[in-house]
Every structure is written in C-alpha cells, then in structure tokens.
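Reproduced below: input19.txt, with compact mmCIF, C-alpha atoms.
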```txt
# COMPACT_ATOMS: atom_id res chain seq x y z
CA MET A 1 119.91 0.49 89.26
CA LEU A 2 121.81 2.14 92.09
CA GLU A 3 123.63 5.38 91.40
CA ALA A 4 125.92 7.40 93.61
CA THR A 5 126.85 10.89 92.46
CA LYS A 6 129.73 12.96 93.78
CA LEU A 7 129.64 11.51 97.26
CA GLY A 8 131.77 13.15 99.89
CA CYS A 9 132.29 12.03 103.44
CA ILE A 10 133.90 13.68 106.46
CA ARG A 11 134.26 11.77 109.71
CA GLY A 12 135.51 13.74 112.68
CA ALA A 13 138.02 16.22 111.26
CA ARG A 14 139.13 13.92 108.43
CA ARG A 15 137.90 13.91 104.89
CA LEU A 16 137.58 10.31 103.81
CA PHE A 17 136.63 10.76 100.17
CA ARG A 18 135.12 13.29 97.79
CA ASP A 19 133.61 13.28 94.30
CA LEU A 20 132.96 9.57 94.45
CA SER A 21 130.55 8.45 91.72
CA PHE A 22 129.57 5.02 90.53
CA SER A 23 126.56 3.16 89.27
CA LEU A 24 125.52 -0.40 89.73
CA ALA A 25 123.37 -2.17 87.13
CA PRO A 26 121.28 -5.27 87.87
CA GLY A 27 123.43 -8.40 87.89
CA THR A 28 126.55 -6.57 89.02
CA CYS A 29 128.78 -7.18 92.00
CA MET A 30 131.01 -4.39 93.23
CA GLN A 31 133.94 -5.09 95.49
CA VAL A 32 135.12 -2.16 97.60
CA THR A 33 138.76 -2.34 98.63
CA GLY A 34 141.25 0.00 100.24
CA PRO A 35 143.48 0.30 103.30
CA ASN A 36 142.06 0.35 106.84
CA GLY A 37 140.37 3.61 107.72
CA CYS A 38 139.87 4.74 104.14
CA GLY A 39 136.09 4.92 104.50
CA LYS A 40 134.79 1.58 103.25
CA THR A 41 132.35 1.17 106.10
CA SER A 42 131.27 4.83 105.88
CA LEU A 43 130.61 4.42 102.16
CA LEU A 44 128.53 1.30 102.75
CA ARG A 45 126.57 3.01 105.52
CA ILE A 46 125.91 5.95 103.21
CA ILE A 47 124.59 3.55 100.57
CA CYS A 48 122.27 2.02 103.17
CA GLY A 49 121.04 5.42 104.28
CA LEU A 50 122.36 4.98 107.81
CA LEU A 51 124.82 7.83 107.34
CA ALA A 52 124.06 11.09 105.54
CA PRO A 53 126.83 12.02 103.07
CA GLU A 54 128.47 15.42 103.46
CA GLU A 55 127.79 16.04 99.78
CA GLY A 56 126.34 14.14 96.84
CA THR A 57 123.34 11.85 96.51
CA VAL A 58 122.45 8.18 96.24
CA THR A 59 119.54 7.23 94.00
CA TRP A 60 117.68 3.99 93.42
CA GLN A 61 115.90 3.69 90.05
CA GLY A 62 116.24 7.45 89.77
CA ALA A 63 114.64 8.31 93.11
CA SER A 64 116.66 9.60 96.03
CA ILE A 65 116.95 6.93 98.74
CA TYR A 66 116.12 9.52 101.41
CA SER A 67 112.73 10.24 99.90
CA MET A 68 112.04 6.53 99.40
CA GLY A 69 112.52 5.67 103.07
CA GLU A 70 110.98 2.33 103.96
CA GLU A 71 110.45 1.38 100.33
CA TYR A 72 114.23 1.41 99.83
CA ALA A 73 114.77 -0.58 103.02
CA GLN A 74 112.63 -3.31 101.49
CA ARG A 75 115.06 -3.70 98.58
CA LEU A 76 118.10 -3.79 100.81
CA THR A 77 119.89 -6.32 102.98
CA TYR A 78 122.78 -4.94 104.99
CA ILE A 79 125.11 -7.09 107.02
CA GLY A 80 127.67 -5.05 108.86
CA HIS A 81 130.78 -6.10 110.71
CA ARG A 82 128.75 -6.12 113.89
CA SER A 83 126.74 -9.01 112.65
CA GLY A 84 123.38 -8.28 114.25
CA VAL A 85 123.08 -11.61 116.02
CA LYS A 86 121.53 -11.63 119.49
CA GLU A 87 123.69 -13.67 121.84
CA ASP A 88 120.78 -14.86 123.96
CA LEU A 89 118.74 -16.11 121.01
CA THR A 90 119.37 -19.35 119.16
CA SER A 91 120.39 -19.29 115.49
CA VAL A 92 116.89 -20.31 114.43
CA GLU A 93 115.33 -17.55 116.51
CA ASN A 94 117.82 -14.99 115.22
CA LEU A 95 117.08 -15.90 111.65
CA ARG A 96 113.32 -15.94 112.10
CA VAL A 97 113.34 -12.59 113.91
CA ALA A 98 115.58 -10.98 111.29
CA ASN A 99 113.24 -12.19 108.56
CA GLY A 100 110.11 -11.26 110.46
CA LEU A 101 111.40 -7.72 110.92
CA ALA A 102 112.25 -7.51 107.23
CA GLY A 103 108.68 -8.50 106.43
CA PHE A 104 109.12 -12.17 105.47
CA GLU A 105 107.60 -14.79 107.71
CA LEU A 106 109.92 -17.77 107.93
CA THR A 107 108.92 -21.16 109.29
CA THR A 108 111.19 -22.97 111.71
CA SER A 109 111.91 -25.72 109.20
CA ASP A 110 112.88 -23.20 106.50
CA ALA A 111 115.18 -21.52 108.99
CA ARG A 112 116.78 -24.87 109.85
CA GLN A 113 117.28 -25.59 106.17
CA ALA A 114 119.00 -22.25 105.57
CA LEU A 115 121.26 -22.77 108.58
CA ALA A 116 122.10 -26.30 107.45
CA HIS A 117 123.19 -24.83 104.12
CA PHE A 118 125.72 -22.82 106.12
CA GLY A 119 126.94 -25.91 107.96
CA LEU A 120 125.23 -25.10 111.23
CA SER A 121 123.04 -28.18 111.49
CA GLY A 122 123.06 -29.56 115.01
CA ARG A 123 123.77 -26.12 116.46
CA GLU A 124 120.56 -24.34 115.47
CA ASP A 125 119.09 -24.47 118.95
CA LEU A 126 122.17 -23.32 120.80
CA PRO A 127 122.15 -19.73 122.11
CA SER A 128 124.44 -17.80 119.79
CA ARG A 129 126.86 -16.88 122.57
CA PHE A 130 128.05 -20.50 122.52
CA LEU A 131 128.97 -20.27 118.84
CA SER A 132 132.41 -19.34 117.58
CA GLU A 133 132.94 -16.01 115.83
CA GLY A 134 132.88 -17.68 112.42
CA GLN A 135 129.74 -19.66 113.22
CA ARG A 136 128.01 -16.53 114.46
CA ARG A 137 128.84 -14.84 111.19
CA ARG A 138 127.54 -17.84 109.25
CA SER A 139 124.28 -17.63 111.13
CA ALA A 140 124.02 -13.91 110.31
CA LEU A 141 124.73 -14.61 106.65
CA ALA A 142 122.00 -17.23 106.47
CA ARG A 143 119.68 -14.24 106.02
CA LEU A 144 120.97 -13.91 102.47
CA LEU A 145 119.41 -17.26 101.69
CA THR A 146 115.98 -16.50 103.06
CA ASN A 147 115.10 -13.01 101.90
CA GLU A 148 114.15 -11.53 98.58
CA SER A 149 115.83 -8.14 98.55
CA SER A 150 117.64 -7.08 95.42
CA LEU A 151 120.60 -5.15 96.85
CA TRP A 152 123.03 -6.83 99.22
CA VAL A 153 125.46 -4.64 101.11
CA LEU A 154 128.05 -6.73 102.91
CA ASP A 155 130.67 -5.11 105.11
CA GLU A 156 133.77 -7.20 105.89
CA VAL A 157 131.61 -10.29 106.13
CA LEU A 158 134.35 -12.61 104.95
CA ALA A 159 136.50 -11.88 108.00
CA SER A 160 136.77 -14.89 110.34
CA LEU A 161 135.15 -17.19 107.78
CA ASP A 162 136.92 -20.32 106.56
CA THR A 163 137.40 -21.16 102.88
CA ALA A 164 134.36 -23.46 102.80
CA ALA A 165 132.10 -20.65 104.08
CA ILE A 166 133.62 -18.15 101.66
CA LYS A 167 132.80 -20.60 98.82
CA ILE A 168 129.18 -20.72 100.01
CA ILE A 169 128.98 -16.92 100.04
CA GLU A 170 130.50 -16.66 96.58
CA GLY A 171 127.99 -19.21 95.35
CA LEU A 172 125.12 -17.24 96.90
CA ILE A 173 126.30 -13.98 95.36
CA GLU A 174 126.56 -15.68 91.95
CA GLY A 175 123.03 -17.00 92.25
CA HIS A 176 121.84 -13.57 93.35
CA LEU A 177 123.48 -11.88 90.35
CA THR A 178 122.01 -14.31 87.84
CA LYS A 179 118.55 -13.44 89.22
CA GLY A 180 119.30 -9.79 88.45
CA GLY A 181 120.34 -8.82 91.96
CA MET A 182 123.17 -6.52 92.95
CA ALA A 183 125.81 -6.85 95.61
CA ILE A 184 128.31 -4.47 97.17
CA VAL A 185 131.01 -6.23 99.15
CA ALA A 186 133.74 -4.54 101.16
CA THR A 187 136.58 -6.96 101.70
CA HIS A 188 140.35 -7.32 101.41
CA GLN A 189 140.06 -10.91 100.35
CA GLU A 190 139.94 -12.13 96.77
CA LEU A 191 136.38 -12.62 95.56
CA ARG A 192 135.83 -15.18 92.82
CA ILE A 193 132.56 -14.33 91.16
CA SER A 194 132.04 -15.95 87.79
CA ALA A 195 128.42 -15.00 87.12
CA GLY A 196 127.10 -11.56 86.23
CA SER A 197 129.51 -8.65 85.88
CA PHE A 198 132.07 -7.57 88.38
CA GLN A 199 133.51 -4.17 89.17
CA ARG A 200 136.01 -2.98 91.71
CA LEU A 201 136.09 0.30 93.60
CA GLU A 202 139.37 1.12 95.24
CA LEU A 203 139.40 3.83 97.88
CA ALA A 204 142.72 5.59 98.52
CA SER A 205 143.68 6.66 102.00
CA MET B 1 103.13 -3.75 109.96
CA ILE B 2 101.31 -5.45 112.81
CA SER B 3 103.33 -8.61 112.34
CA MET B 4 106.62 -6.76 112.51
CA PHE B 5 105.44 -4.92 115.64
CA ARG B 6 104.66 -8.30 117.13
CA TRP B 7 108.11 -9.61 116.19
CA ILE B 8 109.81 -6.78 118.06
CA VAL B 9 107.71 -7.20 121.19
CA VAL B 10 108.08 -10.98 121.20
CA ARG B 11 111.81 -10.72 120.59
CA ASP B 12 112.35 -8.30 123.47
CA LEU B 13 110.16 -10.33 125.82
CA THR B 14 112.10 -13.49 124.95
CA LEU B 15 115.39 -11.71 125.57
CA ALA B 16 114.13 -10.37 128.90
CA TRP B 17 113.01 -13.85 129.89
CA ARG B 18 116.50 -15.21 129.17
CA ARG B 19 117.94 -12.42 131.35
CA ARG B 20 115.45 -12.63 134.19
CA ALA B 21 117.96 -11.43 136.79
CA ASP B 22 118.10 -7.96 135.21
CA VAL B 23 114.36 -7.61 135.41
CA LEU B 24 114.10 -8.85 138.97
CA SER B 25 116.82 -6.48 140.15
CA THR B 26 114.70 -3.48 139.11
CA LEU B 27 111.70 -4.86 140.96
CA PHE B 28 113.68 -5.62 144.13
CA PHE B 29 115.27 -2.19 144.01
CA PHE B 30 111.79 -0.65 144.07
CA VAL B 31 110.54 -2.87 146.87
CA ILE B 32 113.61 -2.28 149.04
CA VAL B 33 113.75 1.50 148.56
CA VAL B 34 110.07 1.85 149.42
CA SER B 35 110.38 -0.46 152.44
CA LEU B 36 113.35 1.43 153.89
CA PHE B 37 111.21 4.43 154.80
CA PRO B 38 108.72 2.75 157.19
CA LEU B 39 111.66 0.91 158.75
CA GLY B 40 113.64 4.11 159.23
CA ILE B 41 110.78 6.30 160.44
CA GLY B 42 109.03 3.81 162.67
CA PRO B 43 105.30 3.23 163.20
CA GLU B 44 104.10 6.82 163.05
CA MET B 45 100.96 6.34 160.96
CA ARG B 46 100.21 10.00 160.25
CA LEU B 47 103.74 10.78 159.07
CA LEU B 48 103.99 7.59 156.99
CA GLN B 49 100.66 8.26 155.32
CA SER B 50 101.64 11.77 154.37
CA ILE B 51 104.99 10.76 152.83
CA ALA B 52 103.71 7.58 151.14
CA PRO B 53 102.70 9.09 147.76
CA GLY B 54 106.02 10.88 147.29
CA VAL B 55 108.13 7.95 148.44
CA VAL B 56 106.45 5.34 146.25
CA TRP B 57 106.47 7.58 143.21
CA VAL B 58 110.10 8.69 143.61
CA ALA B 59 111.12 5.04 144.02
CA ALA B 60 109.23 4.22 140.82
CA LEU B 61 111.08 6.99 138.95
CA LEU B 62 114.46 5.77 140.18
CA ALA B 63 113.66 2.14 139.39
CA SER B 64 112.68 3.11 135.87
CA MET B 65 116.07 4.84 135.45
CA LEU B 66 117.75 1.51 136.18
CA SER B 67 116.13 -0.27 133.27
CA LEU B 68 116.37 2.62 130.80
CA ASN B 69 120.01 2.03 129.87
CA ARG B 70 119.14 -1.40 128.62
CA VAL B 71 116.45 -0.34 126.16
CA PHE B 72 118.76 0.33 123.22
CA ALA B 73 122.31 -0.25 124.50
CA ASN B 74 122.41 -4.02 123.95
CA ASP B 75 120.92 -3.73 120.48
CA TYR B 76 123.43 -1.00 119.68
CA GLN B 77 126.39 -3.11 120.74
CA ASP B 78 125.59 -6.22 118.73
CA GLY B 79 124.49 -4.37 115.60
CA THR B 80 120.81 -5.31 115.77
CA LEU B 81 119.83 -1.66 116.18
CA GLU B 82 121.27 -0.92 112.73
CA GLN B 83 119.13 -3.73 111.41
CA LEU B 84 116.06 -2.30 113.14
CA LEU B 85 116.72 1.06 111.49
CA LEU B 86 116.83 -0.67 108.11
CA THR B 87 113.55 -2.56 108.46
CA PRO B 88 110.98 -1.63 105.85
CA GLN B 89 108.69 -0.16 108.52
CA PRO B 90 108.51 3.30 110.06
CA LEU B 91 111.08 3.66 112.85
CA TYR B 92 108.23 5.10 114.93
CA LEU B 93 106.72 1.61 115.16
CA VAL B 94 110.04 -0.02 116.01
CA VAL B 95 110.45 2.38 118.93
CA MET B 96 106.83 1.82 119.98
CA GLY B 97 107.40 -1.93 120.10
CA LYS B 98 110.60 -1.65 122.08
CA VAL B 99 109.12 0.77 124.60
CA LEU B 100 106.04 -1.39 125.02
CA ALA B 101 108.22 -4.42 125.72
CA GLN B 102 110.35 -2.44 128.17
CA TRP B 103 107.22 -1.30 130.00
CA LEU B 104 105.78 -4.80 130.18
CA VAL B 105 109.04 -6.22 131.47
CA SER B 106 110.32 -3.56 133.85
CA GLU B 107 107.34 -1.47 134.92
CA VAL B 108 104.32 -3.74 135.05
CA PRO B 109 105.70 -5.97 137.85
CA LEU B 110 106.39 -2.80 139.81
CA VAL B 111 102.83 -1.52 139.29
CA LEU B 112 101.43 -4.86 140.41
CA ILE B 113 103.44 -5.00 143.61
CA ALA B 114 102.95 -1.33 144.54
CA PRO B 115 99.66 -1.84 146.47
CA LEU B 116 101.40 -4.48 148.56
CA VAL B 117 104.36 -2.29 149.49
CA GLY B 118 101.93 0.61 149.96
CA MET B 119 100.31 -1.27 152.83
CA GLN B 120 103.44 -0.65 154.88
CA PHE B 121 102.44 3.01 154.98
CA GLY B 122 99.01 2.30 156.42
CA LEU B 123 97.12 3.38 153.30
CA ASP B 124 93.44 2.45 153.13
CA PRO B 125 92.20 0.12 150.33
CA LYS B 126 90.69 2.93 148.31
CA THR B 127 93.98 4.83 148.30
CA LEU B 128 95.88 1.67 147.34
CA ILE B 129 93.65 1.38 144.29
CA VAL B 130 94.34 5.00 143.38
CA LEU B 131 98.07 4.33 143.81
CA PHE B 132 97.79 1.33 141.49
CA VAL B 133 95.85 3.27 138.84
CA SER B 134 98.17 6.28 139.01
CA LEU B 135 101.21 4.03 138.48
CA LEU B 136 99.43 2.15 135.69
CA LEU B 137 98.85 5.44 133.86
CA GLY B 138 102.16 7.01 134.84
CA THR B 139 104.76 4.32 134.25
CA PRO B 140 104.23 4.09 130.46
CA ILE B 141 104.93 7.84 130.34
CA LEU B 142 108.20 7.19 132.16
CA SER B 143 109.12 4.52 129.59
CA PHE B 144 108.27 6.76 126.65
CA ILE B 145 110.08 9.85 127.95
CA GLY B 146 113.00 7.72 129.13
CA SER B 147 113.43 6.18 125.69
CA ILE B 148 114.23 9.64 124.30
CA GLY B 149 117.08 10.01 126.78
CA ALA B 150 118.26 6.45 126.17
CA GLY B 151 118.33 7.11 122.42
CA LEU B 152 120.21 10.38 122.77
CA THR B 153 122.94 9.02 125.05
CA LEU B 154 123.50 5.84 123.07
CA GLY B 155 127.16 4.93 122.72
CA LEU B 156 128.35 7.68 125.06
CA ARG B 157 130.67 6.88 127.93
CA GLY B 158 129.02 7.48 131.29
CA GLY B 159 125.69 7.50 129.50
CA GLY B 160 123.91 6.20 132.60
CA VAL B 161 124.34 9.35 134.66
CA LEU B 162 123.64 11.55 131.68
CA VAL B 163 120.34 9.78 131.04
CA ALA B 164 119.32 10.49 134.64
CA LEU B 165 120.21 14.18 134.30
CA LEU B 166 118.34 14.47 131.01
CA VAL B 167 115.29 12.49 131.89
CA LEU B 168 114.55 13.06 135.59
CA PRO B 169 113.57 16.74 135.11
CA LEU B 170 111.13 15.63 132.41
CA TYR B 171 109.59 13.16 134.86
CA ILE B 172 108.55 15.98 137.23
CA PRO B 173 105.01 16.51 135.85
CA VAL B 174 104.35 12.78 136.10
CA LEU B 175 105.61 12.79 139.67
CA ILE B 176 103.43 15.77 140.62
CA PHE B 177 100.20 14.40 139.17
CA GLY B 178 100.90 10.81 140.20
CA ALA B 179 101.75 11.59 143.79
CA GLY B 180 99.02 14.26 143.77
CA ALA B 181 96.35 11.68 142.94
CA VAL B 182 97.39 9.46 145.85
CA ASP B 183 97.67 12.48 148.13
CA SER B 184 94.16 13.69 147.42
CA SER B 185 92.79 10.20 148.00
CA ILE B 186 94.45 10.16 151.45
CA LEU B 187 92.92 13.56 152.22
CA GLY B 188 89.52 12.33 151.06
CA ILE B 189 89.39 14.51 147.94
CA ASP B 190 88.36 13.13 144.54
CA PRO B 191 91.64 12.04 142.80
CA MET B 192 90.09 11.97 139.32
CA ALA B 193 91.42 15.38 138.25
CA ASN B 194 95.02 14.24 138.75
CA LEU B 195 94.36 10.91 137.05
CA TYR B 196 92.80 12.65 134.04
CA LEU B 197 95.88 14.83 133.75
CA LEU B 198 98.09 11.74 133.90
CA ALA B 199 96.00 10.14 131.16
CA ALA B 200 96.42 13.28 129.05
CA LEU B 201 100.19 13.15 129.55
CA LEU B 202 100.14 9.49 128.54
CA VAL B 203 98.37 10.29 125.28
CA LEU B 204 100.84 13.09 124.57
CA SER B 205 103.85 10.90 125.23
CA VAL B 206 102.53 8.01 123.11
CA VAL B 207 102.08 10.38 120.19
CA PHE B 208 105.26 12.44 120.42
CA ALA B 209 107.92 10.48 122.30
CA PRO B 210 108.48 7.64 119.77
CA TRP B 211 108.92 10.24 117.08
CA ALA B 212 111.57 12.08 119.13
CA THR B 213 113.26 8.80 120.06
CA ALA B 214 113.39 7.77 116.40
CA ALA B 215 115.13 11.04 115.55
CA ALA B 216 117.55 10.57 118.48
CA LEU B 217 118.41 7.05 117.31
CA ARG B 218 119.14 8.20 113.77
CA ILE B 219 121.52 10.84 115.14
CA SER B 220 123.21 8.43 117.55
CA LEU B 221 123.81 5.83 114.85
CA GLU B 222 125.41 8.16 112.29
```
Is it possible to express this structure as structure tokens?
Amino acid sequence: MLEATKLGCIRGARRLFRDLSFSLAPGTCMQVTGPNGCGKTSLLRIICGLLAPEEGTVTWQGASIYSMGEEYAQRLTYIGHRSGVKEDLTSVENLRVANGLAGFELTTSDARQALAHFGLSGREDLPSRFLSEGQRRRSALARLLTNESSLWVLDEVLASLDTAAIKIIEGLIEGHLTKGGMAIVATHQELRISAGSFQRLELAS
Amino acid sequence: MISMFRWIVVRDLTLAWRRRADVLSTLFFFVIVVSLFPLGIGPEMRLLQSIAPGVVWVAALLASMLSLNRVFANDYQDGTLEQLLLTPQPLYLVVMGKVLAQWLVSEVPLVLIAPLVGMQFGLDPKTLIVLFVSLLLGTPILSFIGSIGAGLTLGLRGGGVLVALLVLPLYIPVLIFGAGAVDSSILGIDPMANLYLLAALLVLSVVFAPWATAAALRISLE
C-alpha cells in the first residue's frame, strides 16, 4: 500500500501542485495525466524518493519512504524518460547490469529471452547506440520482465513506442497487477488495462 | 552487497574499455606535460632533480582533473545515475565502486608510467621507487576528493572549470606530502614520514569522501 498525503511541490519559482493526496492498493494501476509542465515527472520523482516534496509525506505500508531508504528501493522499479540505457553497452549487458545493480543476478540466456519478448531478438549484441529510440526504450523496459519489485513507476515510457510495444507493456502491467503489484504510469496516451483496478490522477496546470 | 559493488566496477571498466581513447588521452597528457620540462630546461641535472617532485606531482593533479568530469556526467546524461541512486544498496557503496573504477582506469596507468618519465629528470632508482609509492598512495586520494567536486557540479554549465576551482585547493595537502616524500628521498632523508601522512590522508578520504559525494549527488539530482 502506497500512500501520499498532502504533497506539495515547488520547482524554481513555480508551485506545481499542493494538497495532493492519493493511495494505491495492491493490484491497482494509476495513470497520471495532465498538460506539459504540470508536474507529472516531479510527482513521480517524489514517489521514488529522488525529489523531496516541499510539504507532505509518502508512506509505504505505513512507514515513511525516507526512513526506509534502501528497503523501499528494493520494492521499486523506476523507468524515467531518460531511459537509463548505456549507449556503449549491448542490450544484454544493459539488462544484466540493471538487474545486477537491483540485486537480481540474471543469466545471459534469461536476458536474451526477456529482450526477445520485446521484439529485440537479433539485436541483443548490438551496442545500444545503434538502436532506434523506440528500440532503446524497449530494451530499457525489458527490466520490467526480469525483476520482482512490487511498485512500478513509469514516466512517459510509451513515448516513441509503436502499438505492438504498447500492447506488450499493457500486457505486462496486467500480469503485474494480477500478482498484486502496483503501477504508476504517467502518459498522455490511452492505457487499456483490463486486470486489477484502475484509477486516474489528473494534474491541472 | 559485494555482488552489486562488483557490477558497478565491472560496468565502468567495460565502458572505459569501449572508450579507450578517453583513457589514453589522460595518460598522454601526463607524459607530455612531464616531458616538456626537461626539454625546455635542458640537461642541467641539479636543477632538473630539484624540480622533478613538484613537476611530476603537479602534472598528476592536472591529469586527474581531466578525467574527473567523466566520473558522473555520462551517467547523469543517460539517466543511469538516477537508477544508481535507486538501487537497494547504500549510495556510499555505489560511489565507492565508481571511484575505484575511475582510479583503476585513469590513475593506475599514470602511476605505472611515472618511474619511466621520472628518469628524464635524472632521479636515482631509490627515488623512482619513492615516486611510484607516493603516487600509488596519493592518486586514490585525488580520485576520492575529486568525486566530491564532480558530484557537486553535475549538470552545471561550465562545470569543468568549476570542478578545478573547487577541487585543486583541496589537493594541496596531497601535493605537499607527495612531492615532499620524493624531495626528501633526493636529499637523502628518510621519506617514510611523508608517506605515512599520505597513507593517513588516504584512509581519511576513503572513509569520508564517498559519504560527501553521495550527499552531493542527491542534491544535484533533485
């Protein structure tokens, strides 16, 4: 259970939002929408603990995420709009490193399998700088398939993905929700999630 | 914990290997700067010997500035630094791993080649060994202190110059004891006192610098 209470955020001289509260139960997906610059990314970074909110708190199972520290990081997978893919590493290496750092050892064949699921078979051993923007994003998203964290925070990940890839992501989120996971997705696109429960948070500018 | 530390070091070493040119440029910079002095001054043994410790050490400081900008900047740009901050391990260890990799890649080659370039100054074998040991103890301190500056100036425009202004003054004790050790060996005095002080600085920087760098990174990424 993730709970945000009376969050407020100021970036630069602008107040992005105040008194923002919501809670997320297991098996729920929350889509965050709103015009550009309304604070979607800031909100997601606050939820991850990368950004300290001006006011308010975020708690996980009743404990503040700031006091949980690394224990919270273990429950969380964050994929931001800078996808976290190293250009000089191949997709397999990127995936294995990302998993290794998150504490899961991944074999090369498992990594290949996950990448194949995202339609990257045949390109696993290419340095990521030779991949297109969409393929790079697919290779970043393959992490969702290989880790066991319960909260997914995805920031604008559907941008530059084609409909087939978006279908794969929707399928993954559905599977994640049925296992009792939670997902927070910031996107302008329509999300079709048929499993679990779905809620929408709209930020005004 | 150990496995994740290993992942960071291996990752950074792999990346450095794929960008060998960057690493070699630091090394060549060091070799060329040090070699310019004997060429400019000419074969005056006494003068060369007396300036050798300062010249080699200052060149090492400047060379380490060159590689500092790369420690976190690339990871910051492609978003992997955010991911490193969100790993379920203390950020202290992440920084440790990155600094260790930076030292292995950028400083160790320089330490290894220093006795060779030191020969241009007519240093005797015993002094060359002292030079080698002083750099071996001193360069990790440069990496650790430098990582604080690199963390603080992350994402700033003109960060390169700012890092130099922030970090070079902090390098002064290392320069004094490092060059001092070589100096006393040339004069025939026991260099151990200076080396012990360098070792003490190394211990201090290993304990405190990653902690300061971790705090700097959290601020820079907000």
| request: Within 8 Å of chain B, which residues of chain A are there when counting all atoms listed in the file? Please give them as a ChimeraX atom specification. | output: /A:48,50-52,69-74,78,80,82-86,88-89,97,100-103
Please write as a PDB file with C-alpha atoms, keeping the file's coordinate frame the list of polymer residues whose atoms come within 9 Å of (123.5, -9.9, 92.4), counting all atoms listed in the file and keeping to the coordinates of the file.
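Writing the result to selection37.pdb gives the following:
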```
ATOM      1  CA  PRO A  26     121.280  -5.270  87.870  1.00  0.00           C
ATOM      2  CA  GLY A  27     123.430  -8.400  87.890  1.00  0.00           C
ATOM      3  CA  THR A  28     126.550  -6.570  89.020  1.00  0.00           C
ATOM      4  CA  CYS A  29     128.780  -7.180  92.000  1.00  0.00           C
ATOM      5  CA  SER A 150     117.640  -7.080  95.420  1.00  0.00           C
ATOM      6  CA  LEU A 151     120.600  -5.150  96.850  1.00  0.00           C
ATOM      7  CA  TRP A 152     123.030  -6.830  99.220  1.00  0.00           C
ATOM      8  CA  LEU A 172     125.120 -17.240  96.900  1.00  0.00           C
ATOM      9  CA  ILE A 173     126.300 -13.980  95.360  1.00  0.00           C
ATOM     10  CA  GLU A 174     126.560 -15.680  91.950  1.00  0.00           C
ATOM     11  CA  GLY A 175     123.030 -17.000  92.250  1.00  0.00           C
ATOM     12  CA  HIS A 176     121.840 -13.570  93.350  1.00  0.00           C
ATOM     13  CA  LEU A 177     123.480 -11.880  90.350  1.00  0.00           C
ATOM     14  CA  THR A 178     122.010 -14.310  87.840  1.00  0.00           C
ATOM     15  CA  LYS A 179     118.550 -13.440  89.220  1.00  0.00           C
ATOM     16  CA  GLY A 180     119.300  -9.790  88.450  1.00  0.00           C
ATOM     17  CA  GLY A 181     120.340  -8.820  91.960  1.00  0.00           C
ATOM     18  CA  MET A 182     123.170  -6.520  92.950  1.00  0.00           C
ATOM     19  CA  ALA A 183     125.810  -6.850  95.610  1.00  0.00           C
ATOM     20  CA  ILE A 184     128.310  -4.470  97.170  1.00  0.00           C
ATOM     21  CA  ALA A 195     128.420 -15.000  87.120  1.00  0.00           C
ATOM     22  CA  GLY A 196     127.100 -11.560  86.230  1.00  0.00           C
ATOM     23  CA  SER A 197     129.510  -8.650  85.880  1.00  0.00           C
TER      24      SER A 197
END
```
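Summary of the local environment: counting all atoms listed in the file, residues at most 10 Å from Ala204 in chain A, other than itself and those fewer than 3 positions away along its chain, are Leu16, Phe17, Thr33, Gly34, Pro35, Asn36, Gly37, Cys38, Gly39 and Leu201 of chain A.
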Write the residues of the preceding selection, restricted to C-alpha atoms, as an mmCIF file, in the frame of the given file.
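Saved result, part-v3.cif, follows:
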```cif
data_model
loop_
_atom_site.group_PDB
_atom_site.id
_atom_site.type_symbol
_atom_site.label_atom_id
_atom_site.label_comp_id
_atom_site.auth_asym_id
_atom_site.auth_seq_id
_atom_site.Cartn_x
_atom_site.Cartn_y
_atom_site.Cartn_z
ATOM 1 C CA LEU A 16 137.580 10.310 103.810
ATOM 2 C CA PHE A 17 136.630 10.760 100.170
ATOM 3 C CA THR A 33 138.760 -2.340 98.630
ATOM 4 C CA GLY A 34 141.250 0.000 100.240
ATOM 5 C CA PRO A 35 143.480 0.300 103.300
ATOM 6 C CA ASN A 36 142.060 0.350 106.840
ATOM 7 C CA GLY A 37 140.370 3.610 107.720
ATOM 8 C CA CYS A 38 139.870 4.740 104.140
ATOM 9 C CA GLY A 39 136.090 4.920 104.500
ATOM 10 C CA LEU A 201 136.090 0.300 93.600
#
```
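Nearest to Glu54 in chain A of all the residues A:Asp19, A:Glu87, A:Asp110, A:Glu93 is A:Asp19, counting all atoms listed in the file.
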| remark: If you count all atoms listed in the file, the residue of A:Ala98, A:Asn147, A:Val92, A:Ala159 closest to Glu124 in chain A turns out to be A:Val92
| said: Can you measure CA of Gly118 in chain B to CA of Ile141 in chain B for me? One decimal in Å is fine. | reply: 21.1 Å
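Distance check against Asp12 in chain B using only C-alpha atoms: of A:Asn94, A:Thr108, A:Thr77, A:Ser64, the minimum falls on A:Asn94.
Separating CA of Ser139 in chain A from CA of Leu191 in chain A is a distance of 20.3 Å.
Between CA of Tyr196 in chain B and CA of Pro210 in chain B lies a distance of 21.8 Å.
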| note | Between B:Val71, B:Val206, B:Val182, B:Leu170, smallest distance to Val133 in chain B by all atoms listed in the file belongs to B:Val182
